[in-house]
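Read through the structure below, which is laid out as structure tokens, and then see the notes.
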Amino acid sequence: MSSLLRGKDFITTQDFTKEEIDLFIETAFDLKKKLARGEIHPLLAYKTLYMIFYDESTRTRNAAETGITQLGGHGIFLSPDKMQAHHGETPSDTAKVLTRFGDGIAIRHCQFGVGNKYLNDIAESAEIPVINLQDDKYHPTQILADLMTIEERFGKDLKHIKVGISWAYAESHLKPLSVPQSQILLFPRYGMDVTLAYPEGFDLMPEIVEQAKQNAEAGGGSLKITHDMDEAFVDADIVIPKSWGGFYTIDNPMEADKRKEEIMEKVREHKDWICDERRMSLAKKHSVYMHALPADRGREVVDSVIDGPHSIVWDEAENRLHTMKAIMALVMGGRP
């Protein structure tokens, strides 16, 4: 196991070179094979991961907790309302205490304008690696699983693979911007051509879009923005239609939590932004449908697509486990 990444925080893929990201993916493939063969691989024996979740989770929490168990360690779930953070303990104090006890801190905190800052405040004081399990800007563990799944289907040479990333209608909640933002940042670094579609007003963070354009120029890929959902599907190899909150439909995105109903009114104007059989027919015959899950069935996507032959969402979900294990093994690993 490489020692190059030992001790490094995993907050965004922007902090890693393409070669380092390749190492995460190669490690994930290796661990997936080991698990399939029934080979025990206790790379993190007796190590402890603290998992702080400010938001609900199915795949992310279970990928982390199952993963650390399979690596021979132990995961401890921490709910903020049961921690002293609920009574005002600072991120710095929390980080310093957990540093004395364990070997890694993993955090999900998606509140807009708050989450990423909280993770960085923890990382500044922690002397053990901090892993981002999703914040308001980035979801790097999901995007590594996406990349692994794409490589399984299309191989390692991804230049000019066309990816359609589109906003889709949903009412379950105001989903974070972090998944599409992490996708547009990483995919063009591998030479993929990304078309990003969303209704006017549902923009991603401007600074993230600008960085994604720079990544595309450096990586040989491209990023195109449109307000036509169909355009993201035309001749696409991969389609990823998923809702995200319309934070920029109000004057001050930082007030999104206070003005959720106002945003939801804007969301309801676009019920026709759904992934259905007609839109899938616009993509290439071999195209695949991906989604980070959970998907709002009947709103973001029809059942015949998510359960149909184009869908690889269950492979994508499974790969959350293998990529999470690779991240932990590489950043939390110690010398034998």
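Within each chain, counting starts at residue 1; across the structure tokens, chains are named A, B, ... in the order shown, with ligands numbered 1 upward in that order.
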(Q) Show me, as JSON, numbers by chain, the residues that have an atom within 6 Å of stretch 214-225 of chain A when counting only C-alpha atoms, minus same-chain residues fewer than 4 positions from it. (A) {"A": [188, 189, 190, 191, 192, 193, 194, 195, 196, 197]}
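Counting only C-alpha atoms, A:Ile208 has the following residues at most 10 Å away, ignoring those fewer than 2 positions along the same chain: Lys137, Tyr138, Gln181, Ser182, Ile184, Leu185, Leu204, Met205, Pro206, Glu210, Gln211, Ala212, Lys213 and Gln214 of chain A.
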Can you pull out the residues contacting A:Glu231? Cut-off 9 Å, using only C-alpha atoms, and skip same-chain residues under 2 positions away; I want them as an mmCIF file with all heavy atoms, in the first residue's frame.
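Writing done, so here's out-v4.cif:
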data_model
loop_
_atom_site.group_PDB
_atom_site.id
_atom_site.type_symbol
_atom_site.label_atom_id
_atom_site.label_comp_id
_atom_site.auth_asym_id
_atom_site.auth_seq_id
_atom_site.Cartn_x
_atom_site.Cartn_y
_atom_site.Cartn_z
ATOM 1 N N GLY A 164 -23.796 13.716 -20.138
ATOM 2 C CA GLY A 164 -24.838 14.702 -19.939
ATOM 3 C C GLY A 164 -25.240 14.764 -18.478
ATOM 4 O O GLY A 164 -25.786 13.796 -17.938
ATOM 5 N N THR A 195 -21.766 18.064 -20.900
ATOM 6 C CA THR A 195 -22.817 19.050 -21.130
ATOM 7 C C THR A 195 -23.636 19.161 -19.855
ATOM 8 O O THR A 195 -24.184 18.170 -19.374
ATOM 9 C CB THR A 195 -23.725 18.642 -22.301
ATOM 10 O OG1 THR A 195 -22.949 18.563 -23.496
ATOM 11 C CG2 THR A 195 -24.834 19.668 -22.497
ATOM 12 N N LEU A 196 -23.684 20.356 -19.293
ATOM 13 C CA LEU A 196 -24.400 20.617 -18.050
ATOM 14 C C LEU A 196 -25.688 21.367 -18.382
ATOM 15 O O LEU A 196 -25.639 22.465 -18.955
ATOM 16 C CB LEU A 196 -23.530 21.448 -17.103
ATOM 17 C CG LEU A 196 -24.175 21.926 -15.798
ATOM 18 C CD1 LEU A 196 -24.474 20.742 -14.879
ATOM 19 C CD2 LEU A 196 -23.259 22.928 -15.091
ATOM 20 N N ALA A 197 -26.831 20.789 -18.033
ATOM 21 C CA ALA A 197 -28.128 21.387 -18.353
ATOM 22 C C ALA A 197 -28.913 21.679 -17.085
ATOM 23 O O ALA A 197 -28.960 20.846 -16.173
ATOM 24 C CB ALA A 197 -28.928 20.459 -19.257
ATOM 25 N N THR A 226 -26.065 24.523 -20.914
ATOM 26 C CA THR A 226 -27.282 24.766 -21.677
ATOM 27 C C THR A 226 -28.481 24.799 -20.727
ATOM 28 O O THR A 226 -28.397 24.303 -19.604
ATOM 29 C CB THR A 226 -27.495 23.665 -22.743
ATOM 30 O OG1 THR A 226 -28.713 23.911 -23.450
ATOM 31 C CG2 THR A 226 -27.584 22.289 -22.107
ATOM 32 N N HIS A 227 -29.572 25.367 -21.180
ATOM 33 C CA HIS A 227 -30.807 25.361 -20.403
ATOM 34 C C HIS A 227 -31.859 24.474 -21.063
ATOM 35 O O HIS A 227 -33.053 24.628 -20.809
ATOM 36 C CB HIS A 227 -31.325 26.791 -20.237
ATOM 37 C CG HIS A 227 -30.359 27.698 -19.529
ATOM 38 N ND1 HIS A 227 -29.837 27.399 -18.290
ATOM 39 C CD2 HIS A 227 -29.794 28.878 -19.896
ATOM 40 C CE1 HIS A 227 -29.010 28.360 -17.919
ATOM 41 N NE2 HIS A 227 -28.969 29.265 -18.875
ATOM 42 N N ASP A 228 -31.390 23.529 -21.876
ATOM 43 C CA ASP A 228 -32.251 22.578 -22.584
ATOM 44 C C ASP A 228 -31.866 21.169 -22.141
ATOM 45 O O ASP A 228 -30.765 20.701 -22.445
ATOM 46 C CB ASP A 228 -32.060 22.745 -24.090
ATOM 47 C CG ASP A 228 -32.926 21.805 -24.919
ATOM 48 O OD1 ASP A 228 -33.582 20.910 -24.331
ATOM 49 O OD2 ASP A 228 -32.944 21.952 -26.153
ATOM 50 N N MET A 229 -32.758 20.479 -21.424
ATOM 51 C CA MET A 229 -32.444 19.150 -20.902
ATOM 52 C C MET A 229 -32.145 18.176 -22.030
ATOM 53 O O MET A 229 -31.239 17.341 -21.918
ATOM 54 C CB MET A 229 -33.592 18.627 -20.040
ATOM 55 C CG MET A 229 -33.275 17.324 -19.309
ATOM 56 S SD MET A 229 -34.622 16.812 -18.197
ATOM 57 C CE MET A 229 -33.869 15.430 -17.338
ATOM 58 N N PHE A 233 -28.758 15.069 -23.401
ATOM 59 C CA PHE A 233 -28.956 13.655 -23.732
ATOM 60 C C PHE A 233 -28.523 13.308 -25.153
ATOM 61 O O PHE A 233 -28.187 12.145 -25.425
ATOM 62 C CB PHE A 233 -30.436 13.279 -23.555
ATOM 63 C CG PHE A 233 -30.841 13.045 -22.124
ATOM 64 C CD1 PHE A 233 -30.957 14.113 -21.236
ATOM 65 C CD2 PHE A 233 -31.101 11.764 -21.654
ATOM 66 C CE1 PHE A 233 -31.329 13.912 -19.913
ATOM 67 C CE2 PHE A 233 -31.466 11.544 -20.337
ATOM 68 C CZ PHE A 233 -31.580 12.628 -19.465
ATOM 69 N N VAL A 234 -28.515 14.264 -26.057
ATOM 70 C CA VAL A 234 -28.248 13.974 -27.466
ATOM 71 C C VAL A 234 -26.852 13.379 -27.637
ATOM 72 O O VAL A 234 -25.845 13.988 -27.262
ATOM 73 C CB VAL A 234 -28.405 15.241 -28.324
ATOM 74 C CG1 VAL A 234 -27.944 14.970 -29.754
ATOM 75 C CG2 VAL A 234 -29.855 15.713 -28.323
ATOM 76 N N ASP A 235 -26.795 12.147 -28.181
ATOM 77 C CA ASP A 235 -25.536 11.439 -28.468
ATOM 78 C C ASP A 235 -24.665 11.211 -27.229
ATOM 79 O O ASP A 235 -23.452 11.015 -27.348
ATOM 80 C CB ASP A 235 -24.720 12.176 -29.531
ATOM 81 C CG ASP A 235 -25.393 12.148 -30.888
ATOM 82 O OD1 ASP A 235 -26.079 11.152 -31.193
ATOM 83 O OD2 ASP A 235 -25.246 13.130 -31.645
ATOM 84 N N LEU A 282 -32.608 9.731 -27.092
ATOM 85 C CA LEU A 282 -31.749 10.740 -27.708
ATOM 86 C C LEU A 282 -30.272 10.389 -27.545
ATOM 87 O O LEU A 282 -29.434 10.864 -28.307
ATOM 88 C CB LEU A 282 -32.016 12.118 -27.083
ATOM 89 C CG LEU A 282 -33.436 12.661 -27.202
ATOM 90 C CD1 LEU A 282 -33.549 13.977 -26.431
ATOM 91 C CD2 LEU A 282 -33.829 12.863 -28.655
#
Hey, what's within 12 Å of A:Glu151 if we count only C-alpha atoms and toss same-chain stuff fewer than 4 positions away? As an mmCIF file with N, CA and C atoms, in the first residue's frame, please?
data_model
loop_
_atom_site.group_PDB
_atom_site.id
_atom_site.type_symbol
_atom_site.label_atom_id
_atom_site.label_comp_id
_atom_site.auth_asym_id
_atom_site.auth_seq_id
_atom_site.Cartn_x
_atom_site.Cartn_y
_atom_site.Cartn_z
ATOM 1 N N ASP A 22 -5.920 8.349 -9.710
ATOM 2 C CA ASP A 22 -5.779 7.027 -10.322
ATOM 3 C C ASP A 22 -5.401 5.980 -9.281
ATOM 4 N N ILE A 25 -8.426 4.879 -7.428
ATOM 5 C CA ILE A 25 -9.266 4.005 -8.252
ATOM 6 C C ILE A 25 -8.639 2.620 -8.393
ATOM 7 N N GLU A 26 -7.336 2.568 -8.636
ATOM 8 C CA GLU A 26 -6.651 1.275 -8.757
ATOM 9 C C GLU A 26 -6.762 0.486 -7.457
ATOM 10 N N ALA A 28 -9.172 0.772 -5.256
ATOM 11 C CA ALA A 28 -10.564 0.332 -5.145
ATOM 12 C C ALA A 28 -10.818 -0.923 -5.962
ATOM 13 N N PHE A 29 -10.280 -0.966 -7.173
ATOM 14 C CA PHE A 29 -10.434 -2.166 -8.006
ATOM 15 C C PHE A 29 -9.775 -3.370 -7.336
ATOM 16 N N LEU A 144 -15.670 9.603 -6.808
ATOM 17 C CA LEU A 144 -14.714 8.517 -7.061
ATOM 18 C C LEU A 144 -15.447 7.249 -7.467
ATOM 19 N N ALA A 145 -16.582 6.966 -6.819
ATOM 20 C CA ALA A 145 -17.376 5.796 -7.192
ATOM 21 C C ALA A 145 -17.928 5.946 -8.601
ATOM 22 N N ASP A 146 -18.341 7.162 -8.956
ATOM 23 C CA ASP A 146 -18.809 7.414 -10.320
ATOM 24 C C ASP A 146 -17.705 7.114 -11.324
ATOM 25 N N LEU A 147 -16.502 7.624 -11.047
ATOM 26 C CA LEU A 147 -15.385 7.415 -11.969
ATOM 27 C C LEU A 147 -15.046 5.934 -12.085
ATOM 28 N N GLY A 155 -13.705 1.625 -19.867
ATOM 29 C CA GLY A 155 -12.257 1.508 -19.886
ATOM 30 C C GLY A 155 -11.582 2.743 -19.324
ATOM 31 N N LYS A 156 -10.271 2.720 -19.288
ATOM 32 C CA LYS A 156 -9.521 3.804 -18.662
ATOM 33 C C LYS A 156 -9.313 5.001 -19.577
ATOM 34 N N ASP A 157 -9.379 4.800 -20.886
ATOM 35 C CA ASP A 157 -9.253 5.922 -21.817
ATOM 36 C C ASP A 157 -10.627 6.546 -22.003
ATOM 37 N N LEU A 158 -10.857 7.658 -21.324
ATOM 38 C CA LEU A 158 -12.179 8.272 -21.314
ATOM 39 C C LEU A 158 -12.259 9.546 -22.152
ATOM 40 N N LYS A 159 -11.235 9.787 -22.930
ATOM 41 C CA LYS A 159 -11.224 10.999 -23.746
ATOM 42 C C LYS A 159 -12.409 11.012 -24.700
ATOM 43 N N ILE A 161 -15.475 10.807 -24.132
ATOM 44 C CA ILE A 161 -16.722 10.201 -23.681
ATOM 45 C C ILE A 161 -17.673 11.356 -23.358
ATOM 46 N N PHE A 187 -14.658 15.065 -14.094
ATOM 47 C CA PHE A 187 -14.781 14.367 -15.377
ATOM 48 C C PHE A 187 -13.955 15.006 -16.492
ATOM 49 N N TYR A 190 -10.331 14.017 -17.039
ATOM 50 C CA TYR A 190 -10.086 12.753 -17.723
ATOM 51 C C TYR A 190 -10.443 12.829 -19.212
ATOM 52 N N MET A 192 -13.198 13.906 -20.579
ATOM 53 C CA MET A 192 -14.602 13.729 -20.920
ATOM 54 C C MET A 192 -15.230 15.064 -21.342
ATOM 55 N N ILE A 238 -23.149 8.771 -21.418
ATOM 56 C CA ILE A 238 -23.557 8.680 -20.018
ATOM 57 C C ILE A 238 -24.514 9.824 -19.736
ATOM 58 N N ASP A 315 -24.503 -0.832 -9.655
ATOM 59 C CA ASP A 315 -23.040 -0.944 -9.731
ATOM 60 C C ASP A 315 -22.401 0.295 -9.104
ATOM 61 N N GLU A 316 -22.957 1.450 -9.441
ATOM 62 C CA GLU A 316 -22.469 2.725 -8.916
ATOM 63 C C GLU A 316 -22.572 2.758 -7.395
ATOM 64 N N ASN A 319 -20.016 0.462 -5.746
ATOM 65 C CA ASN A 319 -18.656 0.995 -5.815
ATOM 66 C C ASN A 319 -18.391 2.086 -4.782
#
**Q.** DSSP helix (DSSP H, G or I) selection over stretch 3-67 of chain A, as a VMD selection string
**A.** chain A and resid 13 to 15 18 to 36 59 to 67
Go ahead and write the residues just picked, N, CA, C and O atoms, as a CSV table (one decimal), in the first residue's frame.
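Contents of the output file part.csv:
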chain,number,residue,atom,x,y,z
A,13,THR,N,-11.6,16.5,-4.6
A,13,THR,CA,-10.6,15.9,-5.6
A,13,THR,C,-9.7,17.0,-6.1
A,13,THR,O,-8.6,16.6,-6.7
A,14,GLN,N,-10.0,18.2,-6.0
A,14,GLN,CA,-9.2,19.3,-6.4
A,14,GLN,C,-7.8,19.3,-5.7
A,14,GLN,O,-6.9,19.9,-6.2
A,15,ASP,N,-7.8,18.7,-4.5
A,15,ASP,CA,-6.6,18.7,-3.7
A,15,ASP,C,-5.6,17.6,-4.2
A,15,ASP,O,-4.5,17.4,-3.6
A,18,LYS,N,-4.1,14.0,-10.8
A,18,LYS,CA,-4.7,12.9,-11.5
A,18,LYS,C,-4.1,11.6,-11.2
A,18,LYS,O,-4.8,10.6,-11.1
A,19,GLU,N,-2.8,11.6,-11.0
A,19,GLU,CA,-2.1,10.3,-10.7
A,19,GLU,C,-2.5,9.8,-9.3
A,19,GLU,O,-2.7,8.6,-9.1
A,20,GLU,N,-2.7,10.7,-8.4
A,20,GLU,CA,-3.2,10.3,-7.1
A,20,GLU,C,-4.6,9.8,-7.1
A,20,GLU,O,-4.9,8.8,-6.5
A,21,ILE,N,-5.4,10.4,-7.9
A,21,ILE,CA,-6.8,9.9,-8.1
A,21,ILE,C,-6.8,8.5,-8.7
A,21,ILE,O,-7.6,7.6,-8.3
A,22,ASP,N,-5.9,8.3,-9.7
A,22,ASP,CA,-5.8,7.0,-10.3
A,22,ASP,C,-5.4,6.0,-9.3
A,22,ASP,O,-5.9,4.8,-9.3
A,23,LEU,N,-4.6,6.4,-8.3
A,23,LEU,CA,-4.2,5.4,-7.3
A,23,LEU,C,-5.4,5.0,-6.4
A,23,LEU,O,-5.5,3.8,-6.0
A,24,PHE,N,-6.2,6.0,-6.1
A,24,PHE,CA,-7.4,5.7,-5.4
A,24,PHE,C,-8.3,4.6,-6.1
A,24,PHE,O,-8.8,3.7,-5.6
A,25,ILE,N,-8.4,4.9,-7.4
A,25,ILE,CA,-9.3,4.0,-8.3
A,25,ILE,C,-8.6,2.6,-8.4
A,25,ILE,O,-9.3,1.6,-8.3
A,26,GLU,N,-7.3,2.6,-8.6
A,26,GLU,CA,-6.7,1.3,-8.8
A,26,GLU,C,-6.8,0.5,-7.5
A,26,GLU,O,-7.0,-0.7,-7.5
A,27,THR,N,-6.6,1.2,-6.3
A,27,THR,CA,-6.8,0.5,-5.0
A,27,THR,C,-8.2,0.0,-4.8
A,27,THR,O,-8.4,-1.1,-4.3
A,28,ALA,N,-9.2,0.8,-5.3
A,28,ALA,CA,-10.6,0.3,-5.1
A,28,ALA,C,-10.8,-0.9,-6.0
A,28,ALA,O,-11.5,-1.9,-5.5
A,29,PHE,N,-10.3,-1.0,-7.2
A,29,PHE,CA,-10.4,-2.2,-8.0
A,29,PHE,C,-9.8,-3.4,-7.3
A,29,PHE,O,-10.3,-4.5,-7.3
A,30,ASP,N,-8.6,-3.2,-6.8
A,30,ASP,CA,-7.9,-4.3,-6.1
A,30,ASP,C,-8.7,-4.8,-4.9
A,30,ASP,O,-8.8,-6.0,-4.7
A,31,LEU,N,-9.2,-3.9,-4.1
A,31,LEU,CA,-10.0,-4.3,-2.9
A,31,LEU,C,-11.3,-4.9,-3.3
A,31,LEU,O,-11.8,-5.8,-2.6
A,32,LYS,N,-11.9,-4.5,-4.4
A,32,LYS,CA,-13.1,-5.1,-4.9
A,32,LYS,C,-12.8,-6.6,-5.3
A,32,LYS,O,-13.6,-7.5,-5.0
A,33,LYS,N,-11.7,-6.8,-5.9
A,33,LYS,CA,-11.4,-8.2,-6.3
A,33,LYS,C,-11.1,-9.0,-5.1
A,33,LYS,O,-11.5,-10.2,-5.0
A,34,LYS,N,-10.4,-8.5,-4.1
A,34,LYS,CA,-10.1,-9.2,-2.9
A,34,LYS,C,-11.4,-9.6,-2.2
A,34,LYS,O,-11.5,-10.8,-1.7
A,35,LEU,N,-12.3,-8.7,-2.1
A,35,LEU,CA,-13.6,-9.0,-1.5
A,35,LEU,C,-14.3,-10.1,-2.2
A,35,LEU,O,-14.9,-11.0,-1.6
A,36,ALA,N,-14.3,-10.0,-3.6
A,36,ALA,CA,-15.0,-11.0,-4.4
A,36,ALA,C,-14.4,-12.4,-4.2
A,36,ALA,O,-15.1,-13.4,-4.3
A,59,ARG,N,-26.3,5.1,1.6
A,59,ARG,CA,-25.1,4.6,1.0
A,59,ARG,C,-23.8,5.1,1.7
A,59,ARG,O,-22.9,4.3,1.9
A,60,THR,N,-23.7,6.4,1.9
A,60,THR,CA,-22.4,6.9,2.4
A,60,THR,C,-22.1,6.4,3.8
A,60,THR,O,-21.0,6.0,4.1
A,61,ARG,N,-23.0,6.4,4.7
A,61,ARG,CA,-22.7,5.9,6.1
A,61,ARG,C,-22.4,4.4,6.0
A,61,ARG,O,-21.4,4.0,6.6
A,62,ASN,N,-23.2,3.6,5.3
A,62,ASN,CA,-22.9,2.2,5.3
A,62,ASN,C,-21.7,1.8,4.5
A,62,ASN,O,-21.0,0.8,4.8
A,63,ALA,N,-21.3,2.6,3.5
A,63,ALA,CA,-20.1,2.3,2.8
A,63,ALA,C,-18.9,2.6,3.7
A,63,ALA,O,-17.9,1.8,3.8
A,64,ALA,N,-19.0,3.7,4.5
A,64,ALA,CA,-17.9,4.0,5.5
A,64,ALA,C,-17.8,2.9,6.6
A,64,ALA,O,-16.7,2.4,6.9
A,65,GLU,N,-19.0,2.6,7.2
A,65,GLU,CA,-19.0,1.7,8.4
A,65,GLU,C,-18.7,0.3,8.0
A,65,GLU,O,-17.9,-0.4,8.6
A,66,THR,N,-19.3,-0.2,6.9
A,66,THR,CA,-18.9,-1.5,6.4
A,66,THR,C,-17.5,-1.6,5.9
A,66,THR,O,-16.8,-2.6,6.2
A,67,GLY,N,-17.0,-0.5,5.3
A,67,GLY,CA,-15.7,-0.5,4.7
A,67,GLY,C,-14.6,-0.6,5.8
A,67,GLY,O,-13.7,-1.3,5.7
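For stretch 145-218 of chain A, a DSSP pass over the backbone yields strand (DSSP E) at Lys162, Val163, Gly164, Ile165, Ser166, Asp193, Val194, Thr195, Leu196 and Ala197 of chain A.
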Q.
as an MDAnalysis selection string, please: the residues near A:Gly104 (cut-off 6 Å, only C-alpha atoms, same-chain neighbours under 2 positions excluded).
A. chainID A and resid 49 128:129
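Residues lying within 12 Å of A:Gly73, counting only C-alpha atoms and ignoring same-chain neighbours fewer than 4 positions away, are His41, Pro42, Leu43, Leu44, Ala45, Tyr46, Lys47, Thr48, Leu49, Tyr50, Ala64, Glu65, Thr66, Gly67, Ile68, Thr69, Gly102, Asp103, Gly104, Lys325, Met328, Ala329, Met332 and Gly333 of chain A.
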Mind dumping the selected residues with N, CA and C atoms as a CSV table (one decimal), in the first residue's frame?
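And here is the file that came out, out_19.csv:
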chain,number,residue,atom,x,y,z
A,41,HIS,N,-8.5,-8.7,4.2
A,41,HIS,CA,-7.6,-7.6,3.9
A,41,HIS,C,-7.6,-6.5,5.0
A,42,PRO,N,-7.1,-6.9,6.2
A,42,PRO,CA,-7.2,-6.0,7.4
A,42,PRO,C,-6.1,-4.9,7.3
A,43,LEU,N,-6.2,-4.0,6.4
A,43,LEU,CA,-5.2,-3.0,6.2
A,43,LEU,C,-5.3,-1.9,7.3
A,44,LEU,N,-6.4,-1.8,8.0
A,44,LEU,CA,-6.6,-0.8,9.0
A,44,LEU,C,-6.9,-1.5,10.3
A,45,ALA,N,-6.3,-2.6,10.6
A,45,ALA,CA,-6.6,-3.3,11.9
A,45,ALA,C,-6.5,-2.4,13.1
A,46,TYR,N,-7.5,-2.5,13.9
A,46,TYR,CA,-7.6,-1.8,15.2
A,46,TYR,C,-7.6,-0.3,15.1
A,47,LYS,N,-7.8,0.2,13.9
A,47,LYS,CA,-8.0,1.7,13.7
A,47,LYS,C,-9.4,2.1,13.8
A,48,THR,N,-9.6,3.3,14.2
A,48,THR,CA,-11.0,3.8,14.5
A,48,THR,C,-11.3,5.0,13.6
A,49,LEU,N,-12.5,5.0,13.0
A,49,LEU,CA,-13.0,6.1,12.2
A,49,LEU,C,-14.2,6.7,12.9
A,50,TYR,N,-14.2,8.0,13.2
A,50,TYR,CA,-15.3,8.7,13.7
A,50,TYR,C,-16.1,9.3,12.6
A,64,ALA,N,-19.0,3.7,4.5
A,64,ALA,CA,-17.9,4.0,5.5
A,64,ALA,C,-17.8,2.9,6.6
A,65,GLU,N,-19.0,2.6,7.2
A,65,GLU,CA,-19.0,1.7,8.4
A,65,GLU,C,-18.7,0.3,8.0
A,66,THR,N,-19.3,-0.2,6.9
A,66,THR,CA,-18.9,-1.5,6.4
A,66,THR,C,-17.5,-1.6,5.9
A,67,GLY,N,-17.0,-0.5,5.3
A,67,GLY,CA,-15.7,-0.5,4.7
A,67,GLY,C,-14.6,-0.6,5.8
A,68,ILE,N,-14.8,0.2,6.9
A,68,ILE,CA,-13.8,0.2,7.9
A,68,ILE,C,-13.8,-1.1,8.6
A,69,THR,N,-15.0,-1.8,8.7
A,69,THR,CA,-15.0,-3.1,9.3
A,69,THR,C,-14.3,-4.1,8.5
A,102,GLY,N,-8.6,8.5,18.0
A,102,GLY,CA,-8.7,7.7,16.9
A,102,GLY,C,-7.8,8.0,15.7
A,103,ASP,N,-8.2,7.5,14.5
A,103,ASP,CA,-7.3,7.6,13.4
A,103,ASP,C,-7.8,8.3,12.2
A,104,GLY,N,-9.1,8.6,12.2
A,104,GLY,CA,-9.7,9.4,11.1
A,104,GLY,C,-11.0,9.9,11.5
A,325,LYS,N,-13.3,2.4,0.8
A,325,LYS,CA,-12.3,1.6,1.4
A,325,LYS,C,-10.9,2.0,0.9
A,328,MET,N,-9.9,5.3,2.7
A,328,MET,CA,-9.5,5.1,4.1
A,328,MET,C,-8.1,4.4,4.1
A,329,ALA,N,-8.0,3.3,3.3
A,329,ALA,CA,-6.7,2.6,3.3
A,329,ALA,C,-5.5,3.5,3.0
A,332,MET,N,-5.5,6.7,5.9
A,332,MET,CA,-5.4,6.3,7.3
A,332,MET,C,-4.4,5.2,7.5
A,333,GLY,N,-3.9,4.6,6.5
A,333,GLY,CA,-2.9,3.5,6.6
A,333,GLY,C,-1.7,3.9,7.4
**Q.** All residues 7 Å or closer to stretch 262-268 of chain A, only C-alpha atoms, same chain fewer than 5 positions away omitted, as a list in words
**A.** Tyr169, Gly246 and Thr249 of chain A
Q) With distances taken over only C-alpha atoms, which of A:Ala256, A:Ile240, A:Cys110, A:Ala292 is nearest to A:Arg279? A) A:Ile240
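Computed from the coordinates, the atom CA of A:Val331 to atom CA of A:Asn116 distance equals 19.3 Å.
Shortest atom-to-atom contact with A:Ile40 among A:Ser287, A:Thr323, A:Thr90, A:Gln70: A:Gln70, counting only C-alpha atoms.
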Q. What gap, in Å, lies between atom CA of A:Met324 and atom CA of A:Gln142?
A. 8.8 Å
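Among A:Val302, A:Leu174, A:Ala106, A:Met280, the residue with the shortest atom-to-atom distance to A:Ile131, counting only C-alpha atoms, is A:Ala106.
Here atom CA of A:Phe202 is placed at a distance of 22.4 Å from atom CA of A:Lys117.
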